[in-house]
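Okay, model02.txt is below, compact mmCIF, C-alpha atoms:
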```txt
# COMPACT_ATOMS: atom_id res chain seq x y z
CA MET A 12 -145.64 32.75 111.85
CA GLN A 13 -144.34 36.13 112.97
CA ALA A 14 -140.65 37.02 112.83
CA VAL A 15 -139.39 38.87 115.91
CA THR A 16 -136.34 41.05 116.53
CA VAL A 17 -135.37 41.27 120.20
CA LEU A 18 -133.23 44.32 120.96
CA GLY A 19 -131.46 43.93 124.30
CA ALA A 20 -131.80 40.15 124.30
CA THR A 21 -129.47 39.48 127.22
CA GLY A 22 -131.22 41.90 129.61
CA SER A 23 -134.07 40.95 131.93
CA VAL A 24 -136.83 42.02 129.51
CA GLY A 25 -135.06 40.35 126.59
CA GLN A 26 -134.68 37.09 128.49
CA ASN A 27 -138.32 37.13 129.54
CA THR A 28 -139.34 37.84 125.94
CA LEU A 29 -137.38 34.84 124.71
CA ASP A 30 -138.96 32.70 127.43
CA VAL A 31 -142.42 33.65 126.17
CA LEU A 32 -141.43 33.16 122.52
CA ALA A 33 -140.08 29.69 123.31
CA ARG A 34 -143.51 28.74 124.66
CA HIS A 35 -145.14 29.50 121.30
CA PRO A 36 -142.90 28.09 118.53
CA ASP A 37 -145.96 27.71 116.31
CA ARG A 38 -146.58 31.46 116.35
CA PHE A 39 -143.15 33.12 116.48
CA GLU A 40 -139.63 32.76 115.17
CA VAL A 41 -136.57 34.76 116.25
CA PHE A 42 -135.26 36.83 113.36
CA ALA A 43 -132.56 38.84 115.16
CA LEU A 44 -131.06 39.36 118.60
CA SER A 45 -128.94 42.19 119.92
CA ALA A 46 -126.72 42.73 122.95
CA SER A 47 -124.06 45.16 124.11
CA THR A 48 -120.89 43.24 124.98
CA GLN A 49 -122.10 39.95 126.52
CA VAL A 50 -120.52 37.53 124.05
CA ASP A 51 -120.98 34.34 126.09
CA ALA A 52 -124.64 35.04 126.79
CA MET A 53 -125.33 36.00 123.17
CA PHE A 54 -123.62 32.90 121.85
CA ALA A 55 -125.78 30.72 124.09
CA LEU A 56 -128.88 32.45 122.72
CA CYS A 57 -127.69 31.97 119.14
CA GLU A 58 -127.22 28.27 119.81
CA ARG A 59 -130.70 27.95 121.27
CA PHE A 60 -132.79 30.20 119.01
CA ARG A 61 -130.76 30.15 115.75
CA PRO A 62 -131.55 33.76 114.71
CA ARG A 63 -130.73 34.88 111.19
CA HIS A 64 -128.88 37.91 112.61
CA ALA A 65 -127.07 38.88 115.81
CA VAL A 66 -125.94 42.44 116.52
CA MET A 67 -123.39 43.52 119.12
CA ALA A 68 -122.98 47.15 120.10
CA GLN A 69 -119.18 46.96 119.99
CA GLY A 70 -117.07 45.77 117.07
CA ASP A 71 -114.62 43.75 119.17
CA ALA A 72 -117.49 41.87 120.82
CA ALA A 73 -119.00 41.19 117.40
CA ALA A 74 -115.69 39.77 116.16
CA LEU A 75 -115.49 37.40 119.12
CA LEU A 76 -119.09 36.30 118.64
CA ALA A 77 -118.63 35.81 114.89
CA ALA A 78 -115.65 33.52 115.50
CA ARG A 79 -117.60 31.37 117.93
CA VAL A 80 -120.62 31.23 115.64
CA ARG A 81 -118.46 30.06 112.74
CA GLN A 82 -116.72 27.47 114.90
CA ALA A 83 -120.09 26.09 116.01
CA GLY A 84 -121.33 25.90 112.42
CA LEU A 85 -124.26 28.25 113.02
CA ARG A 86 -125.73 30.24 110.14
CA THR A 87 -126.32 33.40 112.18
CA GLU A 88 -124.85 36.52 110.58
CA VAL A 89 -123.09 38.75 113.12
CA HIS A 90 -123.02 42.55 112.84
CA ALA A 91 -121.97 45.52 114.98
CA GLY A 92 -123.13 49.05 115.67
CA GLU A 93 -126.16 51.30 115.54
CA GLN A 94 -126.70 50.99 111.78
CA ALA A 95 -127.02 47.23 112.11
CA LEU A 96 -129.46 47.62 115.00
CA CYS A 97 -131.63 49.83 112.81
CA ALA A 98 -131.37 47.39 109.91
CA VAL A 99 -132.68 44.40 111.89
CA SER A 100 -135.44 46.62 113.32
CA GLU A 101 -136.75 47.83 109.98
CA HIS A 102 -136.07 44.67 107.93
CA PRO A 103 -139.02 43.79 105.67
CA ASP A 104 -139.08 40.20 106.95
CA VAL A 105 -139.70 41.35 110.53
CA GLN A 106 -143.21 41.84 111.90
CA VAL A 107 -142.50 42.44 115.61
CA VAL A 108 -139.72 44.37 117.35
CA MET A 109 -139.11 44.17 121.10
CA ALA A 110 -137.27 47.39 121.99
CA ALA A 111 -135.56 46.58 125.30
CA ILE A 112 -132.18 48.33 125.01
CA VAL A 113 -131.61 50.34 128.18
CA GLY A 114 -130.85 54.05 127.83
CA ALA A 115 -130.69 56.54 124.99
CA ALA A 116 -128.84 53.96 122.85
CA GLY A 117 -132.23 52.36 122.19
CA LEU A 118 -133.72 55.44 120.52
CA ALA A 119 -132.39 54.98 116.97
CA PRO A 120 -133.50 51.34 116.42
CA ALA A 121 -136.88 52.02 118.03
CA LEU A 122 -137.37 54.95 115.64
CA ALA A 123 -136.36 52.73 112.73
CA ALA A 124 -139.00 50.17 113.71
CA ALA A 125 -141.62 52.91 114.11
CA ARG A 126 -140.89 54.43 110.71
CA ALA A 127 -141.05 50.97 109.12
CA GLY A 128 -144.54 50.38 110.50
CA LYS A 129 -143.68 47.46 112.76
CA LYS A 130 -145.57 46.11 115.71
CA LEU A 131 -143.32 47.81 118.24
CA LEU A 132 -143.21 46.50 121.80
CA LEU A 133 -141.66 49.33 123.75
CA ALA A 134 -139.77 48.46 126.93
CA ASN A 135 -137.22 51.22 126.41
CA LYS A 136 -138.49 54.21 128.38
CA GLU A 137 -135.90 56.49 126.86
CA ALA A 138 -137.29 56.22 123.34
CA LEU A 139 -140.27 58.24 124.53
CA VAL A 140 -138.57 60.24 127.28
CA VAL A 141 -135.83 61.38 124.88
CA GLY A 142 -137.74 61.17 121.61
CA GLY A 143 -140.98 62.67 122.89
CA ARG A 144 -143.20 64.13 120.20
CA LEU A 145 -140.69 63.25 117.47
CA PHE A 146 -140.98 59.59 118.38
CA MET A 147 -144.79 59.67 118.47
CA GLN A 148 -144.81 61.41 115.08
CA ALA A 149 -142.65 58.61 113.67
CA VAL A 150 -145.11 56.04 115.00
CA GLU A 151 -148.04 57.85 113.39
CA GLN A 152 -146.32 58.53 110.08
CA GLY A 153 -144.97 54.98 109.78
CA GLY A 154 -148.27 53.39 110.71
CA ALA A 155 -146.62 51.39 113.49
CA THR A 156 -148.55 49.65 116.24
CA LEU A 157 -147.05 50.86 119.53
CA LEU A 158 -147.61 48.59 122.53
CA PRO A 159 -146.12 49.52 125.91
CA ILE A 160 -144.33 46.74 127.80
CA ASP A 161 -143.58 48.45 131.10
CA SER A 162 -146.00 46.73 133.46
CA GLU A 163 -147.52 50.08 134.47
CA HIS A 164 -148.14 51.35 130.94
CA SER A 165 -149.38 47.98 129.75
CA ALA A 166 -151.84 48.07 132.66
CA VAL A 167 -153.03 51.54 131.66
CA PHE A 168 -153.35 50.47 128.02
CA GLN A 169 -155.44 47.47 129.07
CA SER A 170 -157.65 49.68 131.27
CA LEU A 171 -158.39 52.35 128.66
CA PRO A 172 -161.27 52.23 126.14
CA ASP A 173 -160.48 50.70 122.75
CA ASP A 174 -161.53 53.94 121.07
CA ARG A 175 -158.57 56.28 121.57
CA SER A 176 -160.54 59.28 120.36
CA SER A 177 -162.74 58.99 123.46
CA TRP A 178 -159.91 59.00 126.03
CA ASP A 179 -159.90 62.73 126.71
CA ALA A 180 -163.65 62.93 127.20
CA ARG A 181 -164.04 59.78 129.29
CA VAL A 182 -160.85 59.63 131.37
CA GLU A 183 -160.27 61.79 134.45
CA LYS A 184 -156.71 60.68 135.24
CA ILE A 185 -154.13 57.93 135.04
CA VAL A 186 -152.80 56.48 138.30
CA LEU A 187 -149.40 54.82 138.06
CA THR A 188 -148.49 52.48 140.90
CA ALA A 189 -144.97 52.16 142.29
CA SER A 190 -143.53 49.53 144.59
CA GLY A 191 -141.51 52.12 146.49
CA GLY A 192 -138.36 50.07 145.98
CA PRO A 193 -136.05 48.91 148.76
CA PHE A 194 -136.04 52.25 150.63
CA ARG A 195 -139.78 52.89 150.90
CA SER A 196 -139.65 53.05 154.70
CA ARG A 197 -136.00 53.94 155.23
CA ASP A 198 -135.02 57.11 157.09
CA PRO A 199 -134.18 59.72 154.42
CA LEU A 200 -131.23 60.90 156.52
CA SER A 201 -129.60 57.47 156.12
CA LEU A 202 -129.74 57.43 152.31
CA ALA A 203 -126.25 58.94 152.04
CA GLN A 204 -124.84 55.57 153.16
CA VAL A 205 -126.69 53.43 150.58
CA THR A 206 -124.43 51.06 148.59
CA PRO A 207 -125.00 49.93 144.99
CA ASP A 208 -125.79 46.39 146.15
CA GLU A 209 -128.45 47.70 148.53
CA ALA A 210 -129.98 49.88 145.82
CA CYS A 211 -130.12 46.96 143.39
CA ALA A 212 -131.92 44.61 145.82
CA HIS A 213 -135.50 45.20 144.66
CA PRO A 214 -138.16 43.57 146.86
CA ASN A 215 -140.49 42.47 144.03
CA TRP A 216 -138.75 42.53 140.64
CA VAL A 217 -135.55 41.10 139.17
CA MET A 218 -134.06 43.82 136.96
CA GLY A 219 -130.79 45.20 135.64
CA ARG A 220 -128.65 47.39 137.89
CA LYS A 221 -129.46 50.73 136.26
CA ILE A 222 -133.22 50.11 136.35
CA SER A 223 -132.95 48.83 139.92
CA VAL A 224 -131.26 52.06 141.04
CA ASP A 225 -133.95 54.04 139.24
CA SER A 226 -136.56 52.10 141.19
CA ALA A 227 -134.75 52.83 144.46
CA THR A 228 -134.75 56.59 143.74
CA MET A 229 -138.18 56.39 142.04
CA MET A 230 -136.64 58.03 138.98
CA ASN A 231 -138.07 55.07 137.10
CA LYS A 232 -141.50 56.38 138.03
CA ALA A 233 -140.51 59.91 137.01
CA LEU A 234 -139.60 58.56 133.57
CA GLU A 235 -142.83 56.56 133.49
CA VAL A 236 -144.89 59.70 134.19
CA ILE A 237 -143.23 61.29 131.15
CA GLU A 238 -143.75 58.15 129.09
CA ALA A 239 -147.43 57.97 130.06
CA SER A 240 -147.99 61.58 129.05
CA TYR A 241 -146.65 60.92 125.56
CA LEU A 242 -148.16 57.44 125.14
CA PHE A 243 -151.68 58.35 126.19
CA GLY A 244 -151.78 62.05 125.34
CA MET A 245 -152.41 63.03 128.96
CA PRO A 246 -151.24 66.38 130.38
CA PRO A 247 -149.01 66.03 133.47
CA GLU A 248 -151.68 67.29 135.87
CA ARG A 249 -153.84 64.27 134.96
CA ILE A 250 -151.18 61.72 135.90
CA GLU A 251 -150.78 60.61 139.51
CA VAL A 252 -148.37 58.24 141.28
CA VAL A 253 -149.20 56.14 144.34
CA ILE A 254 -146.95 53.69 146.17
CA HIS A 255 -148.37 50.16 146.20
CA PRO A 256 -145.80 47.88 147.88
CA GLN A 257 -147.41 44.58 146.86
CA SER A 258 -147.03 45.29 143.09
CA VAL A 259 -150.29 43.47 142.37
CA ILE A 260 -152.25 46.40 140.89
CA HIS A 261 -149.99 47.51 138.08
CA SER A 262 -151.80 50.78 137.36
CA MET A 263 -155.27 52.25 137.11
CA VAL A 264 -157.48 54.56 135.07
CA GLN A 265 -160.04 56.77 136.81
CA TYR A 266 -162.98 57.78 134.63
CA ARG A 267 -165.08 60.96 134.68
CA ASP A 268 -167.80 59.17 136.67
CA THR A 269 -165.13 58.30 139.33
CA SER A 270 -165.12 54.62 138.35
CA VAL A 271 -161.63 53.08 138.47
CA VAL A 272 -160.48 50.32 136.13
CA ALA A 273 -157.29 48.51 137.15
CA GLN A 274 -155.16 45.67 135.84
CA LEU A 275 -153.95 43.12 138.39
CA GLY A 276 -151.43 40.33 138.11
CA THR A 277 -148.38 38.73 139.64
CA PRO A 278 -145.19 40.84 139.40
CA ASP A 279 -143.84 38.97 136.36
CA MET A 280 -142.72 40.78 133.20
CA ARG A 281 -143.85 37.86 131.05
CA VAL A 282 -147.46 39.00 131.52
CA PRO A 283 -147.18 42.37 129.70
CA ILE A 284 -144.72 40.81 127.23
CA ALA A 285 -147.16 38.05 126.31
CA TYR A 286 -149.97 40.59 126.02
CA GLY A 287 -147.89 42.74 123.68
CA LEU A 288 -146.82 39.82 121.52
CA SER A 289 -150.33 38.42 121.17
CA TRP A 290 -152.33 41.69 121.05
CA PRO A 291 -155.21 42.04 120.31
CA GLU A 292 -155.49 38.42 121.47
CA ARG A 293 -154.11 36.86 124.65
CA MET A 294 -151.90 33.82 125.13
CA ALA A 295 -150.13 31.90 127.90
CA SER A 296 -147.26 33.81 129.51
CA GLY A 297 -145.81 31.21 131.86
CA ALA A 298 -146.49 33.42 134.89
CA GLN A 299 -148.30 32.19 137.96
CA ALA A 300 -151.90 33.32 138.39
CA LEU A 301 -152.98 35.45 141.33
CA ASP A 302 -154.41 33.43 144.20
CA PHE A 303 -156.96 35.71 145.83
CA ARG A 304 -157.36 33.28 148.73
CA THR A 305 -153.82 34.05 149.90
CA LEU A 306 -153.36 37.55 148.49
CA GLY A 307 -153.81 39.48 151.74
CA ALA A 308 -154.05 43.26 152.00
CA LEU A 309 -153.38 45.73 149.20
CA THR A 310 -152.03 49.02 150.55
CA PHE A 311 -151.30 52.45 149.10
CA GLU A 312 -149.16 55.39 150.17
CA VAL A 313 -148.42 58.91 148.95
CA PRO A 314 -144.79 59.27 147.70
CA ASP A 315 -142.59 61.16 150.15
CA ARG A 316 -140.79 64.13 148.59
CA ALA A 317 -137.97 63.96 151.16
CA ARG A 318 -137.23 60.33 150.36
CA PHE A 319 -137.91 60.47 146.60
CA PRO A 320 -137.15 64.02 145.39
CA GLY A 321 -136.30 62.85 141.86
CA LEU A 322 -139.85 61.64 141.22
CA PHE A 323 -141.23 65.18 141.28
CA LEU A 324 -138.87 66.40 138.53
CA SER A 325 -141.00 64.63 135.91
CA TRP A 326 -143.89 67.09 136.07
CA ASP A 327 -141.46 70.01 135.82
CA ALA A 328 -139.77 68.46 132.77
CA LEU A 329 -143.09 67.84 131.00
CA ARG A 330 -144.06 71.48 131.43
CA GLY A 331 -140.77 72.68 129.92
CA PRO A 332 -139.98 73.16 126.22
CA GLN A 333 -139.55 70.18 123.93
CA GLY A 334 -136.33 68.38 124.80
CA THR A 335 -136.50 69.07 128.54
CA THR A 336 -137.40 65.45 129.25
CA ALA A 337 -134.33 64.36 127.26
CA VAL A 338 -132.18 66.55 129.52
CA LEU A 339 -133.59 64.87 132.62
CA ASN A 340 -132.98 61.41 131.19
CA ALA A 341 -129.37 62.17 130.23
CA ALA A 342 -128.62 63.63 133.65
CA ASN A 343 -130.07 60.59 135.37
CA GLU A 344 -128.05 58.15 133.27
CA VAL A 345 -124.86 59.99 134.18
CA ALA A 346 -125.76 60.22 137.86
CA VAL A 347 -126.74 56.55 138.18
CA SER A 348 -123.57 55.45 136.40
CA ALA A 349 -121.50 57.60 138.79
CA PHE A 350 -123.28 56.06 141.77
CA LEU A 351 -122.71 52.50 140.55
CA ASP A 352 -119.04 53.36 139.96
CA GLY A 353 -118.69 54.69 143.50
CA ARG A 354 -118.23 58.31 142.38
CA LEU A 355 -121.50 59.74 143.70
CA ARG A 356 -123.52 59.27 146.86
CA PHE A 357 -126.97 57.79 146.41
CA ASP A 358 -128.72 60.80 147.94
CA ARG A 359 -127.05 63.13 145.43
CA ILE A 360 -128.45 61.50 142.29
CA ALA A 361 -131.53 63.73 142.47
CA GLN A 362 -129.31 66.80 143.09
CA VAL A 363 -127.38 66.15 139.89
CA ASN A 364 -130.64 65.66 137.97
CA ALA A 365 -132.22 68.84 139.32
CA HIS A 366 -129.12 70.94 138.67
CA THR A 367 -128.81 69.71 135.08
CA LEU A 368 -132.51 70.30 134.42
CA GLU A 369 -132.12 73.88 135.60
CA ALA A 370 -128.81 74.55 133.83
CA VAL A 371 -129.54 73.14 130.35
CA GLN A 372 -132.24 75.00 128.46
CA PRO A 373 -133.29 73.32 125.18
CA GLY A 374 -133.37 75.37 122.01
CA ALA A 375 -135.31 74.40 118.91
CA VAL A 376 -135.64 70.61 118.65
CA ALA A 377 -136.63 69.60 115.13
CA SER A 378 -134.73 66.34 114.55
CA VAL A 379 -133.10 63.36 116.20
CA ALA A 380 -129.74 65.06 115.65
CA ASP A 381 -130.97 68.00 117.73
CA LEU A 382 -132.01 65.60 120.49
CA LEU A 383 -128.65 63.84 120.45
CA ASP A 384 -126.82 67.17 120.64
CA LEU A 385 -129.00 68.13 123.59
CA ASP A 386 -128.35 64.74 125.20
CA ALA A 387 -124.59 65.26 124.89
CA GLN A 388 -124.82 68.77 126.35
CA ALA A 389 -126.84 67.50 129.31
CA ARG A 390 -124.36 64.68 129.94
CA ARG A 391 -121.46 67.12 130.05
CA CYS A 392 -123.34 69.30 132.51
CA ALA A 393 -124.28 66.31 134.67
CA GLU A 394 -120.68 65.03 134.72
CA ALA A 395 -119.55 68.44 135.93
CA ALA A 396 -122.21 68.34 138.63
CA VAL A 397 -121.00 64.89 139.73
CA GLU A 398 -117.47 66.22 140.08
CA ARG A 399 -118.69 69.17 142.14
CA CYS A 400 -120.56 66.79 144.44
CA ARG A 401 -117.42 64.69 144.89
CA ALA A 402 -115.38 67.76 145.76
CA ALA A 403 -117.94 69.07 148.25
```

Just give me the structure of the file as structure tokens.
Amino acid sequence: MQAVTVLGATGSVGQNTLDVLARHPDRFEVFALSASTQVDAMFALCERFRPRHAVMAQGDAAALLAARVRQAGLRTEVHAGEQALCAVSEHPDVQVVMAAIVGAAGLAPALAAARAGKKLLLANKEALVVGGRLFMQAVEQGGATLLPIDSEHSAVFQSLPDDRSSWDARVEKIVLTASGGPFRSRDPLSLAQVTPDEACAHPNWVMGRKISVDSATMMNKALEVIEASYLFGMPPERIEVVIHPQSVIHSMVQYRDTSVVAQLGTPDMRVPIAYGLSWPERMASGAQALDFRTLGALTFEVPDRARFPGLFLSWDALRGPQGTTAVLNAANEVAVSAFLDGRLRFDRIAQVNAHTLEAVQPGAVASVADLLDLDAQARRCAEAAVERCRAA
């Protein structure tokens, strides 16, 4: 029986993780759950899964949850804050940590799990995009097993040879697929009128609002290019992105002999989650199997720079000094938040990101504190850029 901590339990990845765990009660038990401020949703999860610990990001939310837990007679201990998140991630009774907190807030607990040598299922892009080499060093030094949960990176992982030392010699390039989001064929000149609800209406996946906007701008793919470079040790020039609207091929690896190995499946996050939980074995995910008799055509397109300018910032960031990818991530979080709040036009998200990337030049980055300082600097710069866009 493996004890699992699910960070970001009320989000889409967290909910899918719990769905998979519930299908295998003989193999897994829920040790801890975390959420931001969703008290009602967290209480329902505590009632169903009876975790030993529950962590809320905010103290007032934790107090409300603790009162309800006591009233219901549950034995779950309720905590608040980053320190508690790290504690349930590195706890000696935990074997598996699902890191699914959205944004830079997920970096510290993911690092704690890595340093403690856990089986770390990484759905938080920012841990790698922000943490970069420091995060990968923590994984190596802690002896952690790092398993990517993004469908694209899980597909690449499944398509690579088992012997990591042979990747550089045998692999020509990694090809990440992208759905193209809701605006794949929309006139770029009309993107200024996009509303948050339109941007969040993904054609294939059900996701949170921030991730949905990232998919609409293809900044999610920009972050995934960065993540792939760190995860698989590939230089940026050996990573390619193609638009694949059907979201059936989740990504591919092209070998030196031009052979291509791909992973296919229905667009259901439970597939990579189940693979990560059971690795190196496989177990039932609850997802529907592909029916090749009704599958139809699989098509591919080259990403359009006019429609998706933010995508192309990833290669620039990877070629910059350490910390440059953290700057891009911080700028994007600020810009997306401003768009969802109605303070920034959709077509100006990429402008804010590009301006911040150019304006903030990282110095020496030797610690997480350095990264967090850089993150704060980039956020201030991005906020100023948002205000300039509003005034224009």

Smallest atom-to-atom distance to Val66 of chain A: which of A:Phe54, A:Phe243, A:Ala43, A:Ala116, using only C-alpha atoms?
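Using only C-alpha atoms, the shortest distance to Val66 of chain A belongs to A:Ala43.
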
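Picture a line from atom CA of Val272 of chain A to atom CA of Val24 of chain A; it runs 25.9 Å.
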
Using only C-alpha atoms: which of A:Gln204, A:Ile160, A:Gly143, A:Tyr266 has the shortest distance to Ala328 of chain A
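That would be A:Gly143, the residue with the smallest distance to Ala328 of chain A.
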
Between atom CA of Ala395 of chain A and atom CA of Ala210 of chain A, what is the distance in Å, rounded to a tenth?
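Between atom CA of Ala395 of chain A and atom CA of Ala210 of chain A the gap is 23.5 Å.
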
Which one of A:Arg59, A:His164, A:Arg356, A:Lys221 sits closest to Ile260 of chain A if you count all atoms listed in the file?
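Of the candidates, the smallest distance to Ile260 of chain A is held by A:His164.
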
What are the centre and the three edge lengths of an axis-aligned box that wraps all atoms of segment 140-152 of chain A in the file, given that 3 Å is added to every side, written as lines of an AutoDock Vina configuration file and rounded to one decimal in Å?
```
center_x = -141.9
center_y = 60.1
center_z = 118.7
size_x = 18.2
size_y = 14.1
size_z = 23.2
```

Hey, can you check how far atom CA of Glu251 of chain A sits from atom CA of Glu137 of chain A?
20.0 Å

Can you pull out the residues contacting Asp104 of chain A? Cut-off 9 Å, using all atoms listed in the file, and skip same-chain residues under 2 positions away; I want them as a PDB file with C-alpha atoms, in the frame of the given file.
```pdb
ATOM      1  CA  GLN A  13    -144.340  36.130 112.970  1.00  0.00           C
ATOM      2  CA  ALA A  14    -140.650  37.020 112.830  1.00  0.00           C
ATOM      3  CA  PHE A  42    -135.260  36.830 113.360  1.00  0.00           C
ATOM      4  CA  GLU A 101    -136.750  47.830 109.980  1.00  0.00           C
ATOM      5  CA  HIS A 102    -136.070  44.670 107.930  1.00  0.00           C
ATOM      6  CA  GLN A 106    -143.210  41.840 111.900  1.00  0.00           C
TER       7      GLN A 106
END
```

Tell me, as a list of chain:residue names, which residues lie within 7 Å of segment 359-363 of chain A, counting all atoms listed in the file; anything in the same chain fewer than 6 positions away does not count.
A:Pro320, A:Gly321, A:Ala342, A:Ala346, A:Val347, A:Ala393, A:Ala396, A:Val397

Residue neighbourhood Thr277 of chain A, 8 Å, all atoms listed in the file, exclusion window fewer than 3 positions, as a PyMOL selection string:
chain A and resi 258-259+298-301

Applying 8 Å and only C-alpha atoms, which residues near segment 76-80 of chain A remain after dropping the ones on its own chain fewer than 6 positions away? List them as a ChimeraX atom specification.
/A:50-51,53-54,57,86-89

Taking only C-alpha atoms into account, name the residue in A:Thr188, A:Asn340, A:Asn135, A:Gln26 that is nearest to Val313 of chain A.
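Comparing A:Thr188, A:Asn340, A:Asn135, A:Gln26 against Val313 of chain A, the winner is A:Thr188.
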
What are the closest atom pairs, with distances in Å to one decimal, for each residue of segment 76-158 of chain A lying within 10 Å of segment 371-379 of chain A, using all atoms listed in the file, rows by chain and rising residue number, as a Markdown table?
```
| residue | atom | partner | partner_atom | distance |
| --- | --- | --- | --- | --- |
| A:Leu118 | CA | A:Val379 | CA | 9.0 |
| A:Ala119 | CA | A:Val379 | CA | 8.4 |
| A:Leu122 | CA | A:Val379 | CA | 9.4 |
| A:Val141 | CA | A:Val379 | CA | 9.3 |
| A:Gly142 | CA | A:Val379 | CA | 7.5 |
| A:Arg144 | CA | A:Ala377 | CA | 9.9 |
| A:Leu145 | CA | A:Ser378 | CA | 7.3 |
| A:Phe146 | CA | A:Val379 | CA | 9.0 |
```

Please identify all polymer residues within 10 Å of Gly117 of chain A, counting all atoms listed in the file, omitting same-chain residues fewer than 6 positions from it, and present them as a list in words.
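Neighbouring residues, sequence-local ones excluded: Leu18, Gly19, Glu93, Leu96, Cys97, Ala110, Ala111, Ala134, Asn135, Lys136, Glu137 and Ala138 of chain A.
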
Smallest atom-to-atom distance to Glu312 of chain A: which of A:Asn231, A:Ser190, A:Ser170, A:Thr28, using all atoms listed in the file?
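Selected residue with least distance to Glu312 of chain A: A:Ser190.
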
For Asp381 of chain A, which of A:Ala337, A:Ala189, A:Leu200, A:Val271 is the closest residue, counting only C-alpha atoms?
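Using only C-alpha atoms, Asp381 of chain A sits closest to A:Ala337.
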
Residues proximal to (-155.3, 51.0, 135.3) were defined as those with any atom within 7 Å of that point in the file's coordinates, counting only C-alpha atoms. Which are they, as a VMD selection string?
chain A and resid 166 to 167 170 186 261 to 264 272 to 274

Could the residues in this selection be saved with C-alpha atoms as a compact mmCIF listing (two decimals), in the frame of the given file?
```txt
# COMPACT_ATOMS: atom_id res chain seq x y z
CA ALA A 166 -151.84 48.07 132.66
CA VAL A 167 -153.03 51.54 131.66
CA SER A 170 -157.65 49.68 131.27
CA VAL A 186 -152.80 56.48 138.30
CA HIS A 261 -149.99 47.51 138.08
CA SER A 262 -151.80 50.78 137.36
CA MET A 263 -155.27 52.25 137.11
CA VAL A 264 -157.48 54.56 135.07
CA VAL A 272 -160.48 50.32 136.13
CA ALA A 273 -157.29 48.51 137.15
CA GLN A 274 -155.16 45.67 135.84
```

Atoms are missing here; could segment 304-308 of chain A be completed with all heavy atoms and written as a PDB file, in the frame of the given file?
```
ATOM      1  N   ARG A 304    -157.156  33.854 147.401  1.00  0.00           N
ATOM      2  CA  ARG A 304    -157.360  33.280 148.730  1.00  0.00           C
ATOM      3  C   ARG A 304    -156.178  33.559 149.653  1.00  0.00           C
ATOM      4  O   ARG A 304    -156.322  33.560 150.872  1.00  0.00           O
ATOM      5  CB  ARG A 304    -157.564  31.770 148.608  1.00  0.00           C
ATOM      6  CG  ARG A 304    -158.822  31.371 147.826  1.00  0.00           C
ATOM      7  CD  ARG A 304    -158.808  29.905 147.506  1.00  0.00           C
ATOM      8  NE  ARG A 304    -157.653  29.548 146.677  1.00  0.00           N
ATOM      9  CZ  ARG A 304    -157.382  28.299 146.268  1.00  0.00           C
ATOM     10  NH1 ARG A 304    -158.186  27.307 146.625  1.00  0.00           N
ATOM     11  NH2 ARG A 304    -156.321  28.064 145.528  1.00  0.00           N
ATOM     12  N   THR A 305    -155.019  33.811 149.076  1.00  0.00           N
ATOM     13  CA  THR A 305    -153.820  34.050 149.900  1.00  0.00           C
ATOM     14  C   THR A 305    -153.222  35.437 149.665  1.00  0.00           C
ATOM     15  O   THR A 305    -152.143  35.731 150.157  1.00  0.00           O
ATOM     16  CB  THR A 305    -152.753  32.985 149.569  1.00  0.00           C
ATOM     17  OG1 THR A 305    -152.391  33.083 148.176  1.00  0.00           O
ATOM     18  CG2 THR A 305    -153.267  31.585 149.863  1.00  0.00           C
ATOM     19  N   LEU A 306    -153.925  36.274 148.916  1.00  0.00           N
ATOM     20  CA  LEU A 306    -153.360  37.550 148.490  1.00  0.00           C
ATOM     21  C   LEU A 306    -153.102  38.497 149.652  1.00  0.00           C
ATOM     22  O   LEU A 306    -152.069  39.175 149.699  1.00  0.00           O
ATOM     23  CB  LEU A 306    -154.295  38.218 147.471  1.00  0.00           C
ATOM     24  CG  LEU A 306    -153.790  39.470 146.788  1.00  0.00           C
ATOM     25  CD1 LEU A 306    -152.487  39.208 146.058  1.00  0.00           C
ATOM     26  CD2 LEU A 306    -154.837  40.002 145.812  1.00  0.00           C
ATOM     27  N   GLY A 307    -153.997  38.567 150.608  1.00  0.00           N
ATOM     28  CA  GLY A 307    -153.810  39.480 151.740  1.00  0.00           C
ATOM     29  C   GLY A 307    -154.188  40.908 151.377  1.00  0.00           C
ATOM     30  O   GLY A 307    -154.866  41.182 150.390  1.00  0.00           O
ATOM     31  N   ALA A 308    -153.667  41.857 152.163  1.00  0.00           N
ATOM     32  CA  ALA A 308    -154.050  43.260 152.000  1.00  0.00           C
ATOM     33  C   ALA A 308    -153.315  43.919 150.842  1.00  0.00           C
ATOM     34  O   ALA A 308    -152.167  43.584 150.543  1.00  0.00           O
ATOM     35  CB  ALA A 308    -153.763  44.018 153.290  1.00  0.00           C
TER      36      ALA A 308
END
```
